[in-house]
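This is query.txt (compact mmCIF, C-alpha atoms).
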# COMPACT_ATOMS: atom_id res chain seq x y z
CA MET A 147 -14.44 5.11 -84.68
CA ASN A 148 -14.52 1.65 -86.23
CA ALA A 149 -14.95 -1.73 -84.51
CA ASP A 150 -11.18 -2.32 -84.20
CA GLU A 151 -10.62 1.04 -82.56
CA ILE A 152 -13.50 0.41 -80.17
CA GLY A 153 -12.04 -3.00 -79.30
CA LYS A 154 -8.61 -1.47 -78.63
CA THR A 155 -10.16 1.27 -76.52
CA ALA A 156 -12.13 -1.30 -74.52
CA ALA A 157 -9.02 -3.41 -73.94
CA ALA A 158 -7.05 -0.35 -72.83
CA ILE A 159 -9.78 0.62 -70.38
CA THR A 160 -9.91 -2.88 -68.91
CA SER A 161 -6.15 -2.91 -68.38
CA LEU A 162 -6.20 0.55 -66.78
CA ILE A 163 -9.22 0.06 -64.52
CA PRO A 164 -9.43 -3.40 -62.97
CA GLY A 165 -12.56 -4.90 -61.49
CA PRO A 166 -16.24 -4.17 -62.03
CA TRP A 167 -15.68 -0.47 -62.76
CA GLY A 168 -13.34 -1.45 -65.57
CA ILE A 169 -15.94 -3.78 -66.93
CA LEU A 170 -18.60 -1.09 -66.79
CA ALA A 171 -16.25 1.41 -68.44
CA THR A 172 -15.53 -1.17 -71.14
CA LEU A 173 -19.22 -1.65 -71.71
CA VAL A 174 -19.70 2.07 -72.11
CA ALA A 175 -16.94 2.07 -74.72
CA SER A 176 -18.23 -0.98 -76.59
CA GLU A 177 -21.94 -0.14 -76.48
CA GLY A 178 -22.13 3.59 -75.89
CA ILE A 179 -19.67 4.83 -78.50
CA PRO A 180 -21.27 3.06 -81.49
CA PHE A 181 -24.66 4.13 -80.21
CA VAL A 182 -23.76 7.81 -79.95
CA ASP A 183 -21.92 7.62 -83.27
CA HIS A 184 -25.10 6.30 -84.86
CA LEU A 185 -27.09 9.22 -83.48
CA ILE A 186 -24.53 11.78 -84.64
CA GLN A 187 -24.36 10.34 -88.15
CA ASN A 188 -28.12 10.31 -88.42
CA SER A 189 -28.50 13.85 -87.14
CA LYS A 190 -25.88 15.16 -89.60
CA ASN A 191 -27.60 13.60 -92.61
CA ASN A 192 -30.17 15.97 -94.10
CA THR A 193 -30.33 14.50 -97.61
CA PRO A 194 -33.52 12.92 -99.01
CA VAL A 195 -33.87 9.19 -98.35
CA THR A 196 -33.22 6.87 -101.28
CA PRO A 197 -35.51 3.90 -102.06
CA ASP A 198 -32.65 1.53 -101.21
CA ALA A 199 -32.25 3.14 -97.81
CA TRP A 200 -35.94 2.52 -97.10
CA LEU A 201 -35.52 -1.12 -98.10
CA ASP A 202 -32.50 -1.43 -95.81
CA LEU A 203 -34.43 0.12 -92.94
CA ARG A 204 -37.34 -2.25 -93.52
CA ALA A 205 -34.95 -5.22 -93.47
CA LYS A 206 -33.35 -3.90 -90.28
CA ALA A 207 -36.76 -3.51 -88.62
CA LYS A 208 -37.67 -7.07 -89.59
CA THR A 209 -34.57 -8.58 -87.96
CA PRO A 210 -35.84 -11.62 -86.02
CA PHE A 211 -35.53 -11.64 -82.23
CA GLN A 212 -33.16 -14.60 -82.25
CA ASP A 213 -30.76 -12.86 -84.66
CA LEU A 214 -30.18 -9.93 -82.29
CA MET B 65 -9.69 -10.68 -59.47
CA SER B 66 -12.18 -13.27 -60.53
CA ARG B 67 -12.57 -12.13 -64.11
CA GLY B 68 -15.02 -14.42 -65.86
CA GLY B 69 -16.42 -15.57 -62.52
CA GLY B 70 -20.11 -15.57 -61.71
CA GLY B 71 -20.04 -12.20 -59.97
CA ASP B 72 -18.24 -10.40 -62.77
CA LEU B 73 -20.43 -12.03 -65.38
CA SER B 74 -23.47 -10.90 -63.48
CA ASN B 75 -22.06 -7.37 -63.21
CA ARG B 76 -21.25 -7.41 -66.90
CA ALA B 77 -24.72 -8.55 -67.92
CA THR B 78 -26.46 -6.13 -65.60
CA GLY B 79 -24.20 -3.25 -66.56
CA ARG B 80 -24.56 -3.92 -70.25
CA GLY B 81 -28.31 -4.15 -69.98
CA LEU B 82 -28.46 -0.90 -68.07
CA ILE B 83 -26.27 0.87 -70.59
CA CYS B 84 -28.36 -0.36 -73.48
CA LEU B 85 -31.61 0.57 -71.83
CA THR B 86 -30.42 3.98 -70.70
CA GLY B 87 -29.22 4.82 -74.19
CA VAL B 88 -32.43 3.57 -75.65
CA LEU B 89 -34.55 5.66 -73.35
CA ALA B 90 -32.55 8.72 -74.32
CA VAL B 91 -33.16 8.00 -77.98
CA ALA B 92 -36.84 7.30 -77.61
CA LEU B 93 -37.44 10.48 -75.67
CA VAL B 94 -34.96 12.96 -77.08
CA LEU B 95 -34.46 12.06 -80.70
CA PRO B 96 -37.95 12.67 -82.04
CA ILE B 97 -37.79 16.18 -80.57
CA VAL B 98 -34.34 16.86 -82.03
CA SER B 99 -35.16 15.42 -85.43
CA CYS B 100 -38.43 17.29 -85.72
CA SER B 101 -36.74 20.60 -84.96
CA SER B 102 -34.05 20.13 -87.61
CA THR B 103 -34.08 21.48 -91.17
CA ALA B 104 -34.04 18.00 -92.69
CA PRO B 105 -36.66 17.09 -95.31
CA PRO B 106 -39.73 15.27 -93.93
CA ASP B 107 -38.73 11.87 -95.29
CA ARG B 108 -35.29 12.19 -93.63
CA VAL B 109 -36.93 13.15 -90.35
CA ALA B 110 -39.17 10.10 -90.57
CA TYR B 111 -36.27 7.85 -91.55
CA THR B 112 -34.07 9.11 -88.73
CA THR B 113 -36.78 8.76 -86.14
CA ILE B 114 -37.74 5.24 -87.19
CA ASP B 115 -34.12 4.13 -87.60
CA ASP B 116 -33.14 5.37 -84.16
CA ALA B 117 -36.21 3.81 -82.58
CA VAL B 118 -35.39 0.47 -84.21
CA THR B 119 -31.74 0.75 -83.17
CA GLY B 120 -32.76 1.55 -79.62
CA VAL B 121 -35.24 -1.29 -79.23
CA GLN B 122 -32.82 -3.77 -80.79
CA ALA B 123 -30.13 -2.63 -78.36
CA ALA B 124 -32.57 -3.24 -75.52
CA VAL B 125 -33.29 -6.72 -76.87
CA ARG B 126 -29.54 -7.42 -77.01
CA GLY B 127 -29.20 -6.21 -73.45
CA TYR B 128 -32.02 -8.46 -72.30
CA LYS B 129 -30.61 -11.48 -74.13
CA LEU B 130 -27.24 -10.81 -72.56
CA HIS B 131 -28.93 -10.63 -69.18
CA CYS B 132 -30.41 -14.08 -69.91
CA GLY B 133 -27.07 -15.41 -71.19
CA VAL B 134 -28.43 -16.09 -74.67
CA PRO B 135 -25.81 -15.73 -77.43
CA GLN B 136 -26.64 -13.94 -80.68
CA GLY B 137 -28.40 -16.30 -83.08
CA ALA B 138 -29.35 -18.74 -80.34
CA GLN B 139 -32.88 -19.69 -79.35
CA GLY B 140 -34.29 -20.42 -75.94
CA PRO B 141 -34.61 -18.39 -72.76
CA GLY B 142 -31.17 -19.10 -71.30
CA THR B 143 -31.21 -18.37 -67.59
CA CYS B 144 -34.51 -16.45 -67.83
CA THR B 145 -37.91 -18.11 -67.58
CA SER B 146 -39.78 -19.09 -70.72
CA VAL B 147 -42.73 -16.92 -69.73
CA GLU B 148 -40.55 -13.83 -69.37
CA TYR B 149 -38.66 -14.59 -72.56
CA GLU B 150 -41.92 -14.93 -74.48
CA LYS B 151 -42.97 -11.54 -73.15
CA ALA B 152 -39.75 -10.07 -74.56
CA ILE B 153 -40.37 -11.66 -77.96
CA LYS B 154 -43.96 -10.43 -77.97
CA ALA B 155 -42.92 -6.88 -77.04
CA TYR B 156 -40.32 -6.83 -79.82
CA LYS B 157 -42.80 -8.16 -82.38
CA ALA B 158 -45.38 -5.56 -81.38
CA PHE B 159 -42.81 -2.84 -81.96
CA GLN B 160 -41.75 -4.44 -85.26
CA ASP B 161 -45.33 -4.23 -86.54
CA VAL B 162 -45.49 -0.50 -85.76
CA ALA B 163 -42.05 0.15 -87.25
CA ASP B 164 -42.90 -1.79 -90.40
CA SER B 165 -46.11 0.17 -90.91
CA ALA B 166 -44.25 3.41 -90.32
CA VAL B 167 -41.60 2.51 -92.89
CA ASP B 168 -44.33 1.63 -95.35
CA LEU B 169 -46.10 4.96 -94.90
CA ALA B 170 -42.96 7.09 -94.82
CA SER B 171 -41.36 5.44 -97.85
CA LYS B 172 -44.46 6.31 -99.87
CA GLY B 173 -44.16 9.93 -98.85
CA GLY B 174 -47.31 9.92 -96.77
CA PRO B 175 -47.75 11.44 -93.33
CA THR B 176 -46.24 9.15 -90.73
CA PRO B 177 -47.31 9.10 -87.09
CA LEU B 178 -43.79 9.34 -85.67
CA ASP B 179 -45.13 9.91 -82.18
CA ILE B 180 -46.69 6.45 -82.33
CA VAL B 181 -43.34 4.96 -83.36
CA ALA B 182 -41.65 6.67 -80.41
CA LYS B 183 -44.37 5.49 -78.04
CA ALA B 184 -44.15 1.93 -79.37
CA ALA B 185 -40.39 2.00 -78.82
CA GLN B 186 -40.83 3.25 -75.29
CA ALA B 187 -43.46 0.58 -74.60
CA ALA B 188 -41.19 -2.21 -75.87
CA ILE B 189 -38.26 -0.86 -73.89
CA SER B 190 -40.36 -0.62 -70.74
CA VAL B 191 -41.36 -4.26 -71.06
CA LEU B 192 -37.77 -5.36 -71.70
CA ARG B 193 -36.47 -3.26 -68.83
CA ASP B 194 -38.95 -4.70 -66.34
CA LEU B 195 -38.40 -8.34 -67.25
CA LYS B 196 -36.43 -10.45 -64.82
Let me see the file written as structure tokens.
Amino acid sequence: MNADEIGKTAAAITSLIPGPWGILATLVASEGIPFVDHLIQNSKNNTPVTPDAWLDLRAKAKTPFQDL
Amino acid sequence: MSRGGGGDLSNRATGRGLICLTGVLAVALVLPIVSCSSTAPPDRVAYTTIDDAVTGVQAAVRGYKLHCGVPQGAQGPGTCTSVEYEKAIKAYKAFQDVADSAVDLASKGGPTPLDIVAKAAQAAISVLRDLK
């Protein structure tokens, strides 16, 4: 599920469920889905790690606090 | 409905923070076990564990910043106190040091203390979760 689809899902949830529960459901869709997707993708990948991937991970780990 | 009002914004920030932190806790506790029991090569296991720990802690940081009303890329504590905000920065930096060392070791093919990475992630998340 890409960012557009997540956005559409979140908007649909908000329109279907008004109030704080809708907001919480939206948050689950916007935060939870990408998070779980990340875990699934990682768990499915059993190939050796490339040097570029290590560099990318290092850069990700070094992301400054203010940029998050 | 007072969408965008103070109450809803508060609910949104609190809810988002809770979601981030809950997900992060799940990752920090469950993922190392799952990844270590898989048939992936050791470097992939290390990569996955470190990557998920980093993702989890960064999600917790985002949740905390949202709680404080600090937009992405902005500096300053927002509605949180400077003391608390500094604690959050310090906790994140402490985790970053561990993650960086772990990446260094793992990328060279050496043994990597993944349990320490998981513990560092949990420690950072605990600090972020308990901040006001």
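One finds atom CA of Ala184 of chain B at 22.0 Å from atom CA of Ala199 of chain A.
With only C-alpha atoms taken into account, the protein and nucleic acid residues at most 10 Å from Tyr156 of chain B (excluding it and anything under 6 positions from it in its own chain) are Pro210 and Phe211 of chain A; Val118, Val121, Gln122, Ala124, Val125, Glu150, Ala184, Ala185, Ala187, Ala188, Ile189, Val191 and Leu192 of chain B.
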Discussion item. Set the distance at 8 Å and use all atoms listed in the file: which residues neighbour Thr176 of chain B once local chain neighbours fewer than 3 positions away are removed? I'd like the list as JSON, numbers by chain.
Written reply: {"B": [110, 166, 169, 170]}
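Counting all atoms listed in the file, Ala205 of chain A has the following residues at most 12 Å away, ignoring those fewer than 3 positions along the same chain: Asp198, Ala199, Trp200, Leu201, Asp202, Lys208, Thr209 and Pro210 of chain A; Asp115, Val118, Gln160, Ala163, Asp164, Val167 and Asp168 of chain B.
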Kindly export the residues of the current selection with C-alpha atoms, as an mmCIF file, in the frame of the given file.
data_model
loop_
_atom_site.group_PDB
_atom_site.id
_atom_site.type_symbol
_atom_site.label_atom_id
_atom_site.label_comp_id
_atom_site.auth_asym_id
_atom_site.auth_seq_id
_atom_site.Cartn_x
_atom_site.Cartn_y
_atom_site.Cartn_z
ATOM 1 C CA ASP A 198 -32.650 1.530 -101.210
ATOM 2 C CA ALA A 199 -32.250 3.140 -97.810
ATOM 3 C CA TRP A 200 -35.940 2.520 -97.100
ATOM 4 C CA LEU A 201 -35.520 -1.120 -98.100
ATOM 5 C CA ASP A 202 -32.500 -1.430 -95.810
ATOM 6 C CA LYS A 208 -37.670 -7.070 -89.590
ATOM 7 C CA THR A 209 -34.570 -8.580 -87.960
ATOM 8 C CA PRO A 210 -35.840 -11.620 -86.020
ATOM 9 C CA ASP B 115 -34.120 4.130 -87.600
ATOM 10 C CA VAL B 118 -35.390 0.470 -84.210
ATOM 11 C CA GLN B 160 -41.750 -4.440 -85.260
ATOM 12 C CA ALA B 163 -42.050 0.150 -87.250
ATOM 13 C CA ASP B 164 -42.900 -1.790 -90.400
ATOM 14 C CA VAL B 167 -41.600 2.510 -92.890
ATOM 15 C CA ASP B 168 -44.330 1.630 -95.350
#
Mind dumping a table of every chain A residue within 8 Å of chain B, with the nearest atom pair and its distance in Å to one decimal, using all atoms listed in the file, sorted by chain and rising number, as a Markdown table?
| residue | atom | partner | partner_atom | distance |
| --- | --- | --- | --- | --- |
| A:Gly165 | CA | B:Met65 | CA | 6.8 |
| A:Pro166 | CA | B:Asp72 | CA | 6.6 |
| A:Ile169 | CA | B:Arg76 | CA | 6.4 |
| A:Leu170 | CA | B:Gly79 | CA | 6.0 |
| A:Leu173 | CA | B:Arg80 | CA | 6.0 |
| A:Val174 | CA | B:Ile83 | CA | 6.8 |
| A:Glu177 | CA | B:Cys84 | CA | 7.1 |
| A:Gly178 | CA | B:Ile83 | CA | 7.3 |
| A:Phe181 | CA | B:Gly87 | CA | 7.6 |
| A:Leu185 | CA | B:Asp116 | CA | 7.2 |
| A:Asn188 | CA | B:Thr112 | CA | 6.1 |
| A:Ser189 | CA | B:Ser99 | CA | 7.1 |
| A:Asn191 | CA | B:Ala104 | CA | 7.8 |
| A:Asn192 | CA | B:Ala104 | CA | 4.6 |
| A:Thr193 | CA | B:Arg108 | CA | 6.8 |
| A:Pro194 | CA | B:Arg108 | CA | 5.7 |
| A:Val195 | CA | B:Arg108 | CA | 5.8 |
| A:Pro197 | CA | B:Ser171 | CA | 7.4 |
| A:Trp200 | CA | B:Ser171 | CA | 6.2 |
| A:Leu203 | CA | B:Asp115 | CA | 6.7 |
| A:Arg204 | CA | B:Asp164 | CA | 6.4 |
| A:Lys206 | CA | B:Val118 | CA | 7.8 |
| A:Ala207 | CA | B:Gln160 | CA | 6.1 |
| A:Lys208 | CA | B:Gln160 | CA | 6.5 |
| A:Phe211 | CA | B:Ile153 | CA | 6.5 |
| A:Gln212 | CA | B:Gly137 | CA | 5.1 |
| A:Asp213 | CA | B:Gly137 | CA | 4.5 |
| A:Leu214 | CA | B:Gln136 | CA | 5.6 |
Keeping only C-alpha atoms, write the selected residues to a file as a compact mmCIF listing (two decimals), in the frame of the given file.
# COMPACT_ATOMS: atom_id res chain seq x y z
CA GLY A 165 -12.56 -4.90 -61.49
CA PRO A 166 -16.24 -4.17 -62.03
CA ILE A 169 -15.94 -3.78 -66.93
CA LEU A 170 -18.60 -1.09 -66.79
CA LEU A 173 -19.22 -1.65 -71.71
CA VAL A 174 -19.70 2.07 -72.11
CA GLU A 177 -21.94 -0.14 -76.48
CA GLY A 178 -22.13 3.59 -75.89
CA PHE A 181 -24.66 4.13 -80.21
CA LEU A 185 -27.09 9.22 -83.48
CA ASN A 188 -28.12 10.31 -88.42
CA SER A 189 -28.50 13.85 -87.14
CA ASN A 191 -27.60 13.60 -92.61
CA ASN A 192 -30.17 15.97 -94.10
CA THR A 193 -30.33 14.50 -97.61
CA PRO A 194 -33.52 12.92 -99.01
CA VAL A 195 -33.87 9.19 -98.35
CA PRO A 197 -35.51 3.90 -102.06
CA TRP A 200 -35.94 2.52 -97.10
CA LEU A 203 -34.43 0.12 -92.94
CA ARG A 204 -37.34 -2.25 -93.52
CA LYS A 206 -33.35 -3.90 -90.28
CA ALA A 207 -36.76 -3.51 -88.62
CA LYS A 208 -37.67 -7.07 -89.59
CA PHE A 211 -35.53 -11.64 -82.23
CA GLN A 212 -33.16 -14.60 -82.25
CA ASP A 213 -30.76 -12.86 -84.66
CA LEU A 214 -30.18 -9.93 -82.29
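Here atom CA of Gln186 of chain B and atom CA of Thr145 of chain B stand 22.9 Å from one another.
Going from atom CA of His131 of chain B over to atom CA of Ala155 of chain B, you cover 16.5 Å.
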